[in-house]
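See below for protein.cif, which holds mmCIF, C-alpha atoms.
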```cif
data_upload
#
loop_
_atom_site.group_PDB
_atom_site.id
_atom_site.type_symbol
_atom_site.label_atom_id
_atom_site.label_comp_id
_atom_site.auth_asym_id
_atom_site.auth_seq_id
_atom_site.Cartn_x
_atom_site.Cartn_y
_atom_site.Cartn_z
ATOM 1 C CA MET A 1 -80.293 -47.069 -185.811
ATOM 2 C CA SER A 2 -77.037 -48.990 -185.875
ATOM 3 C CA LEU A 3 -77.039 -49.191 -182.084
ATOM 4 C CA LEU A 4 -80.530 -50.661 -182.218
ATOM 5 C CA ALA A 5 -79.375 -53.233 -184.752
ATOM 6 C CA LEU A 6 -76.481 -54.242 -182.491
ATOM 7 C CA GLY A 7 -79.096 -55.484 -180.042
ATOM 8 C CA SER A 8 -79.914 -58.162 -182.559
ATOM 9 C CA LEU A 9 -76.408 -59.644 -182.702
ATOM 10 C CA ASN A 10 -75.551 -62.656 -180.586
ATOM 11 C CA ARG A 11 -72.159 -63.498 -179.128
ATOM 12 C CA LYS A 12 -71.087 -65.177 -182.362
ATOM 13 C CA ASN A 13 -72.065 -62.090 -184.401
ATOM 14 C CA ASN A 14 -75.080 -63.721 -186.054
ATOM 15 C CA TRP A 15 -78.206 -61.663 -186.705
ATOM 16 C CA GLY A 16 -81.172 -62.653 -184.594
ATOM 17 C CA PRO A 17 -84.868 -62.827 -185.356
ATOM 18 C CA THR A 18 -85.425 -59.454 -183.697
ATOM 19 C CA LEU A 19 -83.695 -57.450 -186.427
ATOM 20 C CA LEU A 20 -86.959 -56.667 -188.242
ATOM 21 C CA PRO A 21 -88.833 -55.301 -185.160
ATOM 22 C CA LEU A 22 -85.746 -53.297 -184.172
ATOM 23 C CA ALA A 23 -85.467 -51.841 -187.671
ATOM 24 C CA ALA A 24 -89.194 -51.030 -187.729
ATOM 25 C CA PHE A 25 -88.892 -49.263 -184.361
ATOM 26 C CA GLY A 26 -85.939 -47.256 -185.651
ATOM 27 C CA VAL A 27 -87.706 -46.284 -188.888
ATOM 28 C CA VAL A 28 -90.811 -45.099 -187.031
ATOM 29 C CA LEU A 29 -88.653 -43.215 -184.532
ATOM 30 C CA VAL A 30 -86.695 -41.466 -187.290
ATOM 31 C CA GLY A 31 -89.966 -40.690 -189.073
ATOM 32 C CA LEU A 32 -91.457 -39.083 -185.974
ATOM 33 C CA PHE A 33 -88.335 -37.021 -185.371
ATOM 34 C CA GLY A 34 -88.381 -36.018 -189.043
ATOM 35 C CA TRP A 35 -92.011 -34.936 -188.772
ATOM 36 C CA MET A 36 -91.195 -32.981 -185.653
ATOM 37 C CA GLY A 37 -88.174 -31.346 -187.281
ATOM 38 C CA ALA A 38 -90.091 -30.486 -190.450
ATOM 39 C CA THR A 39 -92.751 -28.660 -188.455
ATOM 40 C CA ILE A 40 -90.513 -26.888 -185.944
ATOM 41 C CA PHE A 41 -91.078 -23.479 -187.522
ATOM 42 C CA ASP A 42 -94.639 -24.153 -188.683
ATOM 43 C CA ASP A 43 -97.501 -21.979 -187.491
ATOM 44 C CA GLY A 44 -99.915 -24.919 -187.375
ATOM 45 C CA ARG A 45 -101.452 -26.361 -184.246
ATOM 46 C CA LEU A 46 -101.829 -29.936 -183.076
ATOM 47 C CA GLY A 47 -103.850 -30.510 -179.931
ATOM 48 C CA GLY A 48 -103.639 -26.836 -179.045
ATOM 49 C CA MET A 49 -99.842 -26.795 -179.170
ATOM 50 C CA GLN A 50 -97.335 -25.823 -181.818
ATOM 51 C CA THR A 51 -97.156 -28.748 -184.267
ATOM 52 C CA ALA A 52 -93.641 -29.971 -183.392
ATOM 53 C CA LEU A 53 -94.441 -29.991 -179.676
ATOM 54 C CA GLY A 54 -97.743 -31.733 -180.390
ATOM 55 C CA VAL A 55 -95.910 -34.459 -182.333
ATOM 56 C CA LEU A 56 -93.509 -34.889 -179.434
ATOM 57 C CA TYR A 57 -96.234 -34.917 -176.797
ATOM 58 C CA TYR A 58 -98.941 -36.943 -178.546
ATOM 59 C CA PHE A 59 -96.953 -39.321 -180.777
ATOM 60 C CA LEU A 60 -93.226 -39.574 -180.067
ATOM 61 C CA TRP A 61 -93.287 -39.755 -176.283
ATOM 62 C CA PRO A 62 -96.072 -42.389 -176.044
ATOM 63 C CA PHE A 63 -94.522 -44.428 -178.876
ATOM 64 C CA VAL A 64 -91.118 -44.596 -177.192
ATOM 65 C CA THR A 65 -92.604 -45.168 -173.743
ATOM 66 C CA VAL A 66 -94.762 -48.108 -174.797
ATOM 67 C CA PHE A 67 -92.765 -49.780 -177.533
ATOM 68 C CA SER A 68 -89.250 -49.524 -176.101
ATOM 69 C CA GLY A 69 -90.230 -51.723 -173.164
ATOM 70 C CA LEU A 70 -92.038 -54.171 -175.423
ATOM 71 C CA LEU A 71 -89.063 -54.230 -177.770
ATOM 72 C CA TYR A 72 -86.674 -54.959 -174.923
ATOM 73 C CA ALA A 73 -88.918 -57.792 -173.725
ATOM 74 C CA LEU A 74 -89.021 -59.214 -177.253
ATOM 75 C CA VAL A 75 -85.245 -59.050 -177.683
ATOM 76 C CA TYR A 76 -84.656 -60.603 -174.282
ATOM 77 C CA SER A 77 -87.191 -63.402 -174.591
ATOM 78 C CA THR A 78 -86.393 -64.463 -178.146
ATOM 79 C CA TRP A 79 -82.671 -63.884 -178.349
ATOM 80 C CA LEU A 80 -80.745 -62.381 -175.463
ATOM 81 C CA ARG A 81 -81.819 -64.800 -172.723
ATOM 82 C CA LYS A 82 -80.609 -67.783 -174.726
ATOM 83 C CA ASP A 83 -77.349 -66.030 -175.517
ATOM 84 C CA VAL A 84 -76.655 -65.227 -171.870
ATOM 85 C CA ASP A 85 -77.360 -68.793 -170.721
ATOM 86 C CA VAL A 86 -74.908 -70.507 -173.098
ATOM 87 C CA ALA A 87 -71.352 -71.521 -172.355
ATOM 88 C CA PRO A 88 -68.407 -69.309 -173.401
ATOM 89 C CA VAL A 89 -68.017 -68.665 -177.103
ATOM 90 C CA ASP A 90 -65.759 -71.033 -179.024
ATOM 91 C CA ALA A 91 -62.799 -69.386 -180.707
#
```
Spit out the file's structure as structure tokens when you get a sec.
Amino acid sequence: MSLLALGSLNRKNNWGPTLLPLAAFGVVLVGLFGWMGATIFDDGRLGGMQTALGVLYYFLWPFVTVFSGLLYALVYSTWLRKDVDVAPVDA
């Protein structure tokens, strides 16, 4: 999660407006991995598969596939693009 939060820092080490969406993405991601890990040895079924694999296939993979691209676009459009276009950082 700390690497995700670093995406919200600008060149002057100020937090950007994208910290909350990045933190929300990280919390959901950790929650899905926790759910998957908690059911790794479970005998239950989800979508015809063992529960942990079902969580990976039906929830985790689509979540990361869709929202990581949207999150990158949000970080770039609201924060990163402006940071790249500015002059060198003052000392």
Choose the residue, out of A:Asp42, A:Tyr58, A:Trp79, A:Ala52, that has the smallest atom-to-atom separation from Trp15 of chain A; count all atoms listed in the file.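 Closest candidate: A:Trp79.
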Margin query: I want to know what sits within 8 Å of Phe25 of chain A, based on only C-alpha atoms, with residues of the same chain fewer than 4 positions away left out; could you give that as number ranges by chain?
Written below: A: 21, 29, 67
Taken to one decimal, the atom CA of Gly16 of chain A-atom CA of Leu3 of chain A distance is 14.3 Å
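If all atoms listed in the file are the atoms counted, then among A:Pro17, A:Gly69, A:Pro62, A:Gly54 the closest residue to Gly37 of chain A is A:Gly54.
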Box for segment 45-54 of chain A - axis-aligned, 3 Å on each of the six sides, all listed atoms - centre and size in Å to one decimal, as JSON.
```
{"center_x": -98.7, "center_y": -28.8, "center_z": -181.7, "size_x": 16.2, "size_y": 11.9, "size_z": 11.2}
```
One decimal, Å: what's the distance from atom CA of Leu56 of chain A over to atom CA of Tyr72 of chain A, could you say?
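Interatomic distance, atom CA of Leu56 of chain A to atom CA of Tyr72 of chain A: 21.7 Å.
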Next item on the list: Please provide the set of residues having any atom within 12 Å of Phe59 of chain A, restricted to only C-alpha atoms, with same-chain residues fewer than 2 positions apart removed, written as a PyMOL selection string.
Entry: chain A and resi 28-29+31-33+35-36+46-47+51-57+61-67
Taking the point (-81.3, -49.5, -181.6) as given in the file, collect each protein or nucleic acid residue that comes within 9 Å of it, counting all atoms listed in the file, and present the set as a PDB file with C-alpha atoms, keeping the file's coordinate frame.
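The result, stored in out_33.pdb:
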```pdb
ATOM      1  CA  MET A   1     -80.293 -47.069-185.811  1.00  0.00           C
ATOM      2  CA  SER A   2     -77.037 -48.990-185.875  1.00  0.00           C
ATOM      3  CA  LEU A   3     -77.039 -49.191-182.084  1.00  0.00           C
ATOM      4  CA  LEU A   4     -80.530 -50.661-182.218  1.00  0.00           C
ATOM      5  CA  ALA A   5     -79.375 -53.233-184.752  1.00  0.00           C
ATOM      6  CA  LEU A   6     -76.481 -54.242-182.491  1.00  0.00           C
ATOM      7  CA  GLY A   7     -79.096 -55.484-180.042  1.00  0.00           C
ATOM      8  CA  SER A   8     -79.914 -58.162-182.559  1.00  0.00           C
ATOM      9  CA  LEU A  22     -85.746 -53.297-184.172  1.00  0.00           C
ATOM     10  CA  ALA A  23     -85.467 -51.841-187.671  1.00  0.00           C
ATOM     11  CA  PHE A  25     -88.892 -49.263-184.361  1.00  0.00           C
ATOM     12  CA  GLY A  26     -85.939 -47.256-185.651  1.00  0.00           C
TER      13      GLY A  26
END
```
In Å and to one decimal, atom CA of Gln50 of chain A is distant from atom CA of Ala38 of chain A by 12.2 Å
